[in-house]
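See below for entry36.cif, which holds mmCIF, C-alpha atoms and all ligand atoms.
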```cif
data_final
#
loop_
_atom_site.label_atom_id
_atom_site.label_comp_id
_atom_site.auth_asym_id
_atom_site.auth_seq_id
_atom_site.Cartn_x
_atom_site.Cartn_y
_atom_site.Cartn_z
CA MET A 1 177.25 156.87 108.75
CA SER A 2 176.15 154.46 106.02
CA LEU A 3 176.94 154.91 102.34
CA ALA A 4 173.87 152.94 101.26
CA HIS A 5 171.74 155.92 100.26
CA GLY A 6 171.42 156.00 96.50
CA ARG A 7 170.18 153.40 94.03
CA PRO A 8 170.36 149.99 95.72
CA TYR A 9 171.70 146.96 93.84
CA LEU A 10 170.08 143.58 94.39
CA ALA A 11 172.82 141.14 93.36
CA ILE A 12 170.95 137.97 94.34
CA PRO A 13 170.26 135.16 91.85
CA GLY A 14 166.67 136.10 91.17
CA PRO A 15 164.72 138.22 91.01
CA SER A 16 167.40 139.88 88.91
CA THR A 17 167.64 143.53 87.93
CA MET A 18 164.74 144.44 85.63
CA PRO A 19 165.39 146.88 82.81
CA ASP A 20 163.40 150.11 83.13
CA ARG A 21 162.19 149.43 79.58
CA VAL A 22 160.63 146.14 80.71
CA LEU A 23 158.89 147.83 83.62
CA ARG A 24 157.66 150.66 81.38
CA ALA A 25 156.28 148.16 78.87
CA MET A 26 154.16 146.74 81.70
CA HIS A 27 152.91 150.11 82.90
CA ARG A 28 149.70 150.35 80.90
CA ALA A 29 145.96 149.74 80.94
CA ALA A 30 144.74 146.15 80.70
CA PRO A 31 144.20 144.96 77.13
CA ASN A 32 141.26 142.97 75.83
CA ILE A 33 142.16 139.35 76.60
CA TYR A 34 140.02 137.81 73.82
CA GLU A 35 141.34 139.40 70.66
CA GLY A 36 143.63 142.06 69.30
CA GLU A 37 147.09 143.14 70.35
CA ILE A 38 147.72 140.68 73.19
CA VAL A 39 146.93 137.72 70.93
CA ASP A 40 149.48 138.82 68.34
CA LEU A 41 151.99 139.69 71.04
CA THR A 42 151.69 136.20 72.53
CA ALA A 43 152.43 134.60 69.17
CA THR A 44 155.62 136.67 68.97
CA VAL A 45 156.55 135.82 72.55
CA LEU A 46 156.12 132.08 71.93
CA ALA A 47 158.29 132.28 68.82
CA ASP A 48 160.94 134.26 70.71
CA LEU A 49 160.89 131.80 73.61
CA ARG A 50 161.86 129.11 71.08
CA ARG A 51 164.64 131.33 69.77
CA VAL A 52 166.10 132.04 73.21
CA ALA A 53 166.34 128.28 73.88
CA LEU A 54 167.54 127.47 70.32
CA SER A 55 164.57 125.18 70.14
CA SER A 56 162.09 124.09 67.51
CA SER A 57 159.97 122.53 70.26
CA HIS A 58 156.61 123.52 71.70
CA VAL A 59 156.35 126.02 74.59
CA ALA A 60 153.83 126.29 77.42
CA ILE A 61 153.54 129.36 79.64
CA TYR A 62 152.23 129.04 83.20
CA ILE A 63 151.32 131.71 85.70
CA SER A 64 153.74 130.42 88.32
CA ASN A 65 157.24 130.69 89.67
CA GLY A 66 159.97 128.13 89.01
CA HIS A 67 158.55 125.69 91.54
CA GLY A 68 155.35 125.67 89.49
CA ALA A 69 157.34 124.92 86.35
CA TRP A 70 158.97 121.98 88.17
CA GLU A 71 155.55 120.56 88.93
CA ALA A 72 154.26 121.24 85.42
CA ALA A 73 157.09 119.16 83.97
CA ILE A 74 156.61 116.36 86.52
CA ALA A 75 152.83 116.27 86.13
CA ASN A 76 153.05 115.76 82.38
CA MET A 77 156.03 113.41 82.15
CA PHE A 78 154.96 110.91 84.79
CA SER A 79 152.09 108.76 85.98
CA LYS A 80 151.80 107.76 89.62
CA GLY A 81 154.43 105.17 90.48
CA ASP A 82 156.61 105.93 87.44
CA LYS A 83 160.31 106.31 88.08
CA ALA A 84 162.54 109.40 87.75
CA LEU A 85 166.32 109.48 87.88
CA VAL A 86 167.52 112.76 89.40
CA LEU A 87 171.10 114.00 89.06
CA ALA A 88 171.57 116.35 92.03
CA THR A 89 174.37 118.91 92.23
CA GLY A 90 172.93 121.24 94.85
CA ARG A 91 169.81 122.30 96.67
CA PHE A 92 167.71 122.95 93.57
CA GLY A 93 168.22 119.51 92.06
CA ILE A 94 167.36 117.95 95.41
CA SER A 95 164.21 120.08 95.68
CA TRP A 96 163.04 119.09 92.19
CA ALA A 97 163.40 115.45 93.31
CA GLU A 98 161.38 116.19 96.45
CA HIS A 99 158.58 117.67 94.36
CA ALA A 100 158.53 114.57 92.17
CA ARG A 101 158.42 112.29 95.21
CA GLY A 102 155.67 114.41 96.76
CA MET A 103 153.59 113.95 93.62
CA GLY A 104 153.80 110.16 93.75
CA VAL A 105 156.80 109.56 91.48
CA GLU A 106 159.42 107.01 92.54
CA VAL A 107 162.75 108.82 92.63
CA GLU A 108 166.24 107.40 92.28
CA MET A 109 168.75 110.14 93.05
CA ILE A 110 172.46 110.27 92.30
CA ASP A 111 173.83 112.98 94.57
CA PHE A 112 177.08 114.48 93.27
CA GLY A 113 177.44 116.75 96.28
CA ARG A 114 177.71 120.53 96.17
CA ARG A 115 181.06 121.17 94.55
CA THR A 116 181.23 119.03 91.43
CA PRO A 117 179.08 118.57 88.31
CA ALA A 118 177.11 115.47 87.39
CA ASP A 119 179.26 112.68 85.97
CA SER A 120 177.87 111.20 82.74
CA ALA A 121 179.62 107.87 83.40
CA ARG A 122 177.54 107.40 86.55
CA LEU A 123 174.39 108.32 84.64
CA GLU A 124 175.27 105.76 82.00
CA ALA A 125 175.84 103.07 84.65
CA ALA A 126 172.49 103.83 86.33
CA LEU A 127 170.66 103.60 83.02
CA ARG A 128 172.41 100.31 82.13
CA ALA A 129 171.30 98.91 85.48
CA ASP A 130 167.70 99.80 84.60
CA THR A 131 167.22 96.67 82.48
CA GLU A 132 163.42 96.90 82.73
CA ARG A 133 163.52 100.46 81.38
CA ARG A 134 161.46 101.79 84.28
CA ILE A 135 163.13 105.22 84.33
CA LYS A 136 160.87 107.52 82.34
CA ALA A 137 162.95 110.68 82.62
CA VAL A 138 166.32 111.96 83.79
CA LEU A 139 166.02 115.26 85.69
CA VAL A 140 169.01 117.58 85.97
CA THR A 141 169.66 121.27 86.58
CA HIS A 142 171.73 123.04 83.94
CA VAL A 143 172.97 125.44 86.60
CA ASP A 144 172.25 124.63 90.22
CA THR A 145 171.86 128.11 91.63
CA ALA A 146 172.69 127.01 95.17
CA SER A 147 176.13 125.54 94.41
CA SER A 148 176.65 127.54 91.17
CA VAL A 149 177.76 124.38 89.39
CA ARG A 150 177.01 124.07 85.68
CA ASN A 151 176.27 120.63 84.29
CA ASP A 152 177.24 119.40 80.83
CA ILE A 153 173.84 118.70 79.29
CA ALA A 154 175.16 117.40 75.97
CA ALA A 155 177.20 114.82 77.89
CA MET A 156 174.05 113.64 79.70
CA ARG A 157 172.30 113.19 76.36
CA ALA A 158 175.29 111.23 75.04
CA ALA A 159 175.13 108.92 78.07
CA ILE A 160 171.42 108.23 77.52
CA ASP A 161 172.04 107.54 73.84
CA ALA A 162 175.04 105.32 74.56
CA VAL A 163 172.73 103.01 76.50
CA GLY A 164 169.91 103.36 73.98
CA HIS A 165 167.62 104.13 76.91
CA PRO A 166 164.22 105.66 76.06
CA ALA A 167 164.16 108.04 79.07
CA LEU A 168 163.37 111.70 78.46
CA LEU A 169 166.02 114.30 79.31
CA ALA A 170 164.47 117.10 81.41
CA VAL A 171 166.56 120.14 82.29
CA ASP A 172 166.00 122.99 84.77
CA CYS A 173 167.38 126.16 83.11
CA ILE A 174 165.71 128.60 85.49
CA ALA A 175 169.04 130.14 86.47
CA SER A 176 170.90 129.69 83.21
CA LEU A 177 168.60 130.59 80.33
CA ALA A 178 169.87 133.72 78.55
CA CYS A 179 173.01 133.67 80.73
CA ASP A 180 174.84 130.41 80.01
CA GLU A 181 174.90 128.93 76.52
CA PHE A 182 172.02 126.48 76.15
CA ARG A 183 170.95 124.58 73.00
CA PHE A 184 167.69 122.67 73.29
CA ASP A 185 167.75 121.06 69.84
CA ASP A 186 171.49 120.46 69.47
CA TRP A 187 171.81 118.94 72.92
CA GLY A 188 168.83 116.60 72.47
CA VAL A 189 166.78 117.98 75.35
CA ASP A 190 163.19 116.76 75.67
CA VAL A 191 161.82 119.03 78.40
CA MET A 192 163.28 122.31 79.62
CA ILE A 193 161.91 124.69 82.22
CA ALA A 194 162.61 128.32 83.01
CA ALA A 195 161.04 131.24 84.85
CA SER A 196 160.69 134.93 84.15
CA GLN A 197 162.73 136.53 86.92
CA LYS A 198 166.33 135.51 86.22
CA GLY A 199 168.08 135.76 82.87
CA LEU A 200 164.83 136.83 81.24
CA MET A 201 164.76 140.03 83.36
CA VAL A 202 160.99 140.11 83.98
CA PRO A 203 159.27 140.20 87.40
CA PRO A 204 158.57 136.81 89.03
CA GLY A 205 155.30 135.24 87.93
CA LEU A 206 155.81 133.25 84.73
CA GLY A 207 157.02 129.67 84.41
CA PHE A 208 157.87 128.15 81.02
CA VAL A 209 158.14 124.60 79.76
CA TRP A 210 159.68 123.68 76.39
CA VAL A 211 158.57 120.26 75.16
CA SER A 212 160.00 118.11 72.35
CA ASP A 213 157.76 116.02 70.07
CA LYS A 214 159.07 112.92 71.83
CA ALA A 215 158.02 114.33 75.21
CA VAL A 216 154.61 115.35 73.86
CA ALA A 217 154.06 111.78 72.70
CA ALA A 218 155.37 110.28 75.95
CA SER A 219 153.08 112.50 78.02
CA ARG A 220 149.83 111.36 76.44
CA GLY A 221 147.99 109.33 79.04
CA SER A 222 150.12 110.44 81.97
CA ASP A 223 147.75 110.51 84.93
CA LEU A 224 149.40 113.14 87.16
CA ALA A 225 148.42 116.13 85.03
CA THR A 226 145.41 118.00 86.41
CA PRO A 227 143.49 120.30 84.04
CA TYR A 228 145.46 123.39 85.09
CA TRP A 229 148.92 121.80 84.73
CA ASN A 230 148.20 119.68 81.66
CA TRP A 231 150.48 121.04 78.95
CA HIS A 232 148.54 119.76 75.91
CA PRO A 233 145.90 122.54 75.76
CA ARG A 234 148.61 125.16 76.35
CA LEU A 235 150.97 123.79 73.72
CA PHE A 236 148.29 123.39 71.05
CA ALA A 237 145.73 126.00 72.06
CA GLU A 238 142.78 126.27 69.70
CA ALA A 239 141.51 129.40 71.41
CA TYR A 240 143.63 132.14 72.93
CA TYR A 241 142.51 131.68 76.54
CA LEU A 242 143.42 127.98 76.40
CA HIS A 243 147.10 128.98 76.33
CA PHE A 244 146.74 130.06 79.94
CA ALA A 245 143.83 127.97 81.30
CA GLY A 246 142.07 131.26 81.95
CA THR A 247 143.07 134.90 82.00
CA ALA A 248 146.40 135.64 80.34
CA PRO A 249 149.24 137.14 82.42
CA THR A 250 148.79 140.26 80.32
CA HIS A 251 151.34 142.62 81.83
CA HIS A 252 154.01 140.01 82.24
CA LEU A 253 153.63 139.24 78.53
CA TYR A 254 154.25 142.88 77.63
CA GLY A 255 157.35 142.90 79.82
CA LEU A 256 158.58 139.61 78.39
CA ALA A 257 158.10 140.76 74.80
CA GLU A 258 160.31 143.74 75.58
CA SER A 259 163.03 141.71 77.30
CA LEU A 260 163.13 139.13 74.49
CA LYS A 261 163.49 141.94 71.97
CA MET A 262 166.43 143.31 73.95
CA LEU A 263 168.10 139.89 74.22
CA LEU A 264 167.46 138.53 70.74
CA ASP A 265 167.09 141.46 68.38
CA GLU A 266 169.26 144.15 69.95
CA GLU A 267 172.15 142.59 71.87
CA GLY A 268 171.95 139.13 70.28
CA LEU A 269 172.16 135.81 72.11
CA PRO A 270 175.88 135.12 71.44
CA GLN A 271 176.74 138.57 72.84
CA VAL A 272 174.45 138.00 75.82
CA TRP A 273 176.35 134.77 76.61
CA ALA A 274 179.71 136.48 76.07
CA ARG A 275 178.77 139.34 78.41
CA HIS A 276 177.82 136.90 81.16
CA ALA A 277 181.01 134.89 80.60
CA ALA A 278 183.19 138.01 80.87
CA LEU A 279 181.47 139.27 84.03
CA ALA A 280 181.71 135.80 85.57
CA ARG A 281 185.44 135.64 84.84
CA ALA A 282 185.89 139.03 86.50
CA VAL A 283 184.13 137.74 89.63
CA TRP A 284 186.27 134.58 89.69
CA ALA A 285 189.46 136.59 89.28
CA ALA A 286 188.60 138.75 92.29
CA PHE A 287 187.56 135.73 94.35
CA ASP A 288 190.76 133.88 93.40
CA ALA A 289 192.86 136.85 94.51
CA TRP A 290 191.02 137.16 97.82
CA GLY A 291 191.49 133.41 98.30
CA GLN A 292 195.27 133.80 98.21
CA GLY A 293 195.16 134.59 101.93
CA GLY A 294 192.63 133.69 104.56
CA GLU A 295 189.21 132.14 104.42
CA PHE A 296 187.78 133.11 101.03
CA ARG A 297 187.26 130.36 98.44
CA LEU A 298 185.21 129.71 95.32
CA ASN A 299 182.79 126.83 95.76
CA ILE A 300 183.42 125.25 92.35
CA LEU A 301 187.10 124.65 91.70
CA ASP A 302 186.93 123.76 88.01
CA PRO A 303 186.17 126.91 85.95
CA ALA A 304 184.65 124.73 83.21
CA ALA A 305 181.99 123.60 85.69
CA ARG A 306 181.06 127.09 86.92
CA SER A 307 177.95 128.98 85.95
CA ASN A 308 178.20 132.32 84.19
CA ALA A 309 175.05 133.49 85.99
CA VAL A 310 175.91 133.14 89.67
CA THR A 311 178.96 132.39 91.81
CA ALA A 312 178.89 130.75 95.24
CA ALA A 313 181.78 131.24 97.65
CA ARG A 314 182.71 130.29 101.17
CA ILE A 315 184.10 132.56 103.87
CA GLY A 316 184.60 130.55 107.05
CA ASN A 317 183.79 131.54 110.62
CA GLY A 318 180.51 133.11 109.55
CA GLY A 319 182.39 135.58 107.36
CA ALA A 320 179.89 135.28 104.50
CA ASP A 321 176.94 136.38 106.63
CA GLN A 322 178.97 139.24 108.10
CA LEU A 323 180.07 140.41 104.69
CA ARG A 324 176.55 140.25 103.25
CA ALA A 325 175.21 142.31 106.12
CA TRP A 326 178.00 144.88 105.73
CA CYS A 327 177.51 145.25 101.97
CA GLU A 328 173.78 145.85 102.33
CA ARG A 329 173.94 148.10 105.36
CA GLU A 330 176.95 150.18 104.42
CA ALA A 331 176.89 150.20 100.63
CA GLY A 332 173.42 149.31 99.30
CA VAL A 333 174.51 146.02 97.66
CA THR A 334 172.51 142.92 98.55
CA LEU A 335 174.32 139.62 97.97
CA GLY A 336 172.66 136.20 97.89
CA ILE A 337 172.53 133.93 100.91
CA GLY A 338 174.11 130.49 100.98
CA LEU A 339 171.50 127.85 100.19
CA GLY A 340 171.69 124.19 101.16
CA MET A 341 175.45 124.23 101.52
CA THR A 342 175.67 122.72 105.00
CA GLU A 343 175.14 119.04 105.79
CA PRO A 344 171.48 118.15 106.37
CA GLY A 345 170.65 118.77 110.03
CA ALA A 346 173.80 120.80 110.70
CA PRO A 347 173.32 124.41 111.81
CA ASP A 348 173.91 127.03 109.12
CA ALA A 349 177.19 128.65 110.12
CA GLY A 350 176.75 131.61 107.78
CA ASP A 351 179.79 130.60 105.76
CA TYR A 352 178.36 130.84 102.23
CA LEU A 353 177.22 133.64 99.98
CA ARG A 354 176.38 134.03 96.31
CA VAL A 355 176.81 136.93 93.97
CA ALA A 356 174.59 137.03 90.91
CA HIS A 357 175.80 138.25 87.54
CA MET A 358 172.65 137.33 85.66
CA GLY A 359 170.36 139.27 83.40
CA HIS A 360 170.41 143.05 83.06
CA VAL A 361 173.89 143.51 84.48
CA ASN A 362 176.95 145.16 83.02
CA ALA A 363 180.58 145.80 83.86
CA HIS A 364 180.07 148.72 86.19
CA MET A 365 177.48 146.82 88.23
CA THR A 366 179.65 143.74 88.70
CA LEU A 367 182.85 145.72 89.34
CA GLY A 368 180.86 147.86 91.79
CA ALA A 369 179.59 144.85 93.70
CA LEU A 370 183.11 143.39 93.83
CA ALA A 371 184.64 146.66 95.04
CA VAL A 372 182.02 146.89 97.76
CA MET A 373 182.82 143.33 98.81
CA GLU A 374 186.53 144.16 99.00
CA ALA A 375 185.76 147.22 101.13
CA GLY A 376 183.68 145.00 103.38
CA LEU A 377 186.43 142.41 103.73
CA GLN A 378 188.77 145.20 104.84
CA ALA A 379 186.25 146.84 107.17
CA LEU A 380 185.46 143.53 108.85
CA SER A 381 189.13 142.51 109.05
CA ILE A 382 188.35 139.25 107.26
CA PRO A 383 191.73 137.87 106.16
CA HIS A 384 191.99 137.89 102.35
CA GLY A 385 194.51 138.20 99.56
CA ARG A 386 195.16 141.60 97.97
CA GLY A 387 194.41 142.75 94.47
CA GLY A 388 190.94 141.35 93.83
CA ILE A 389 189.61 144.45 92.11
CA ALA A 390 192.74 144.89 90.02
CA ALA A 391 192.43 141.27 88.88
CA ALA A 392 188.76 141.72 87.95
CA ALA A 393 189.52 144.92 86.06
CA ALA A 394 192.33 143.20 84.18
CA VAL A 395 189.97 140.48 82.98
CA LEU A 396 187.57 143.02 81.54
CA ALA A 397 190.35 145.19 80.10
CA ALA A 398 191.91 142.22 78.29
CA ARG A 399 188.73 141.69 76.27
CA THR A 400 189.09 144.87 74.26
CA LYS A 401 192.88 145.05 73.86
C1 LIG A 501 165.37 130.09 91.12
C2 LIG A 501 165.45 128.64 90.80
C3 LIG A 501 164.39 127.75 91.06
C4 LIG A 501 163.17 128.17 91.79
O1 LIG A 501 162.47 129.18 91.14
P1 LIG A 501 161.33 129.97 91.95
O2 LIG A 501 160.84 130.95 90.93
O3 LIG A 501 161.98 130.58 93.13
O4 LIG A 501 160.29 128.99 92.32
C5 LIG A 501 164.52 126.45 90.65
N1 LIG A 501 165.61 126.00 90.03
C6 LIG A 501 166.66 126.81 89.77
C7 LIG A 501 167.86 126.26 89.07
C8 LIG A 501 166.60 128.15 90.15
O5 LIG A 501 167.65 128.96 89.89
#
```
Written as structure tokens, that's how I'd like the structure from this file.
Ligand SMILES: *Cc1c(COP(=O)(O)O)cnc(C)c1O
Amino acid sequence: MSLAHGRPYLAIPGPSTMPDRVLRAMHRAAPNIYEGEIVDLTATVLADLRRVALSSSHVAIYISNGHGAWEAAIANMFSKGDKALVLATGRFGISWAEHARGMGVEVEMIDFGRRTPADSARLEAALRADTERRIKAVLVTHVDTASSVRNDIAAMRAAIDAVGHPALLAVDCIASLACDEFRFDDWGVDVMIAASQKGLMVPPGLGFVWVSDKAVAASRGSDLATPYWNWHPRLFAEAYYLHFAGTAPTHHLYGLAESLKMLLDEEGLPQVWARHAALARAVWAAFDAWGQGGEFRLNILDPAARSNAVTAARIGNGGADQLRAWCEREAGVTLGIGLGMTEPGAPDAGDYLRVAHMGHVNAHMTLGALAVMEAGLQALSIPHGRGGIAAAAAVLAARTK
């Protein structure tokens, strides 16, 4: 007999749980796409997108997923044969590099592996070695969702400035925006990308690109941008439909307006970050306790380099795959698969999983997912330390003492 009947919980790092309010805001007849409410709503959404990134930059919205946003950024920043420097800390950084290469950009990659963040000293050295100033942009993920590492973006900016290198700083915040603290202006970011279905709590389908004045100027004359991906008409649209190169993503905009209101005007961004940080610490406390015996271990050892949105862990001997299957089948909780954690070419042993704590998620959801995992560890006789749930509860309790 399974205990999965009831409301299921999808605890994978995107799509995240969508608030009923967001879904209800989308449940409506199509609006006129030439004038009226949707035009005003879009102006509000664009302003709120700047607020959520703490950015005074320009914002373009694409009808795409995150992969589309990757290509939008690449298409505008580079011309064919230009050079990118990619700082890879997991599968997503590597994939962004592959997209750039596939579009005709020359890519130099510094691969920091899957368990440690990017090192600004190595970035600085690579930029110093670029005496001809061929590198046009540095590409880095804020949070690499595969490894769950979080990179220090301000430190990357400082390294670029220390060299006096003109390269743009382009950051993938698809997993981190509205989960982990991110400051576009303060951290000197030039290009930032995100997507609708993670911290922003809206169904998949929108990609976003924030663009600094410096990046706008640098992108003029770039020859990779096709009419659809060119960000200039979207950033500086003279007519409403030019924002979207055609029909607006009407219903997604209604949903996004609702989610941004929840994040910015009701809960407030500092509280949103604090909620994610607390839930993340609860997850780490449980994982640490389980790791005191047996095969369980957090992927990122240094807490300062861990994301507050998602946590990757290893359970050897295929334990991660077994546990994921048990949690879904027996308890209605779906955990994330391991992604790109094995050596290239090696068979996937099923040793990695990820639990998301991003977006519309609160204490009972995260504690519930953890308790289900602990039940699964017991049921499957996977060796683990005791007291994971007590440790997680203690973290959350300590906040309000
Ligand atoms: C989810 C994610 C992507 C890919 O987004 P899709 O919408 O699946 O295309 C890229 N980068 C990061 C950091 C992500 O978390």
Long-range neighbours of Pro166 (chain A) as a PyMOL selection string, 12 Å cut-off, only C-alpha atoms, 5 positions minimum in chain: chain A and resi 127-128+130-138+157+159-161+190+214-215+218
Given 9 Å and only C-alpha atoms and all ligand atoms, residues near ligand LIG 501 (chain A) as a PyMOL selection string: chain A and resi 13-15+64-70+91-93+95-96+141-146+172-176+193-198+204-207
Export, as a JSON list (two decimals), in the coordinates of the input, the selected residues with C-alpha atoms.
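Okay, result-v3.json is ready:
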```
[["chain", "number", "residue", "atom", "x", "y", "z"],
["A", 13, "PRO", "CA", 170.26, 135.16, 91.85],
["A", 14, "GLY", "CA", 166.67, 136.10, 91.17],
["A", 15, "PRO", "CA", 164.72, 138.22, 91.01],
["A", 64, "SER", "CA", 153.74, 130.42, 88.32],
["A", 65, "ASN", "CA", 157.24, 130.69, 89.67],
["A", 66, "GLY", "CA", 159.97, 128.13, 89.01],
["A", 67, "HIS", "CA", 158.55, 125.69, 91.54],
["A", 68, "GLY", "CA", 155.35, 125.67, 89.49],
["A", 69, "ALA", "CA", 157.34, 124.92, 86.35],
["A", 70, "TRP", "CA", 158.97, 121.98, 88.17],
["A", 91, "ARG", "CA", 169.81, 122.30, 96.67],
["A", 92, "PHE", "CA", 167.71, 122.95, 93.57],
["A", 93, "GLY", "CA", 168.22, 119.51, 92.06],
["A", 95, "SER", "CA", 164.21, 120.08, 95.68],
["A", 96, "TRP", "CA", 163.04, 119.09, 92.19],
["A", 141, "THR", "CA", 169.66, 121.27, 86.58],
["A", 142, "HIS", "CA", 171.73, 123.04, 83.94],
["A", 143, "VAL", "CA", 172.97, 125.44, 86.60],
["A", 144, "ASP", "CA", 172.25, 124.63, 90.22],
["A", 145, "THR", "CA", 171.86, 128.11, 91.63],
["A", 146, "ALA", "CA", 172.69, 127.01, 95.17],
["A", 172, "ASP", "CA", 166.00, 122.99, 84.77],
["A", 173, "CYS", "CA", 167.38, 126.16, 83.11],
["A", 174, "ILE", "CA", 165.71, 128.60, 85.49],
["A", 175, "ALA", "CA", 169.04, 130.14, 86.47],
["A", 176, "SER", "CA", 170.90, 129.69, 83.21],
["A", 193, "ILE", "CA", 161.91, 124.69, 82.22],
["A", 194, "ALA", "CA", 162.61, 128.32, 83.01],
["A", 195, "ALA", "CA", 161.04, 131.24, 84.85],
["A", 196, "SER", "CA", 160.69, 134.93, 84.15],
["A", 197, "GLN", "CA", 162.73, 136.53, 86.92],
["A", 198, "LYS", "CA", 166.33, 135.51, 86.22],
["A", 204, "PRO", "CA", 158.57, 136.81, 89.03],
["A", 205, "GLY", "CA", 155.30, 135.24, 87.93],
["A", 206, "LEU", "CA", 155.81, 133.25, 84.73],
["A", 207, "GLY", "CA", 157.02, 129.67, 84.41]]
```
Given all atoms listed in the file as the counted atoms, nearest of A:Thr366, A:Thr342, A:Asn317, A:Thr400 to Ile382 (chain A):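 Among the listed residues, the smallest separation from Ile382 (chain A) belongs to A:Asn317.
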Selected residue, from A:Gly319, A:Val372, A:Leu253, A:Asp111, that lies nearest to Ile63 (chain A) when counting all atoms listed in the file: A:Leu253
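Minimum atom-to-atom distances from A:Glu106, A:Ile300, A:Leu3, A:Lys401 to Ala375 (chain A) were compared using only C-alpha atoms, and the lowest value belongs to A:Leu3.
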Shortest interatomic distance to Leu256 (chain A) - which of A:Pro347, A:Pro19, A:Gly294, A:Gly385, counting all atoms listed in the file: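 That would be A:Pro19, the residue with the smallest distance to Leu256 (chain A).
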Neighbour list for Val283 (chain A) as an NGL selection string, cut-off 10 Å, all atoms listed in the file, skip fewer than 2 positions in-chain: :A and (277-281 or 285-288 or 298 or 308 or 310-311 or 355-357 or 366-367 or 369-370 or 388-389 or 391-393 or 395)
Among listed residues A:Tyr34, A:Trp273, A:Trp284, A:Trp210, nearest Ser57 (chain A) (using only C-alpha atoms): A:Trp210
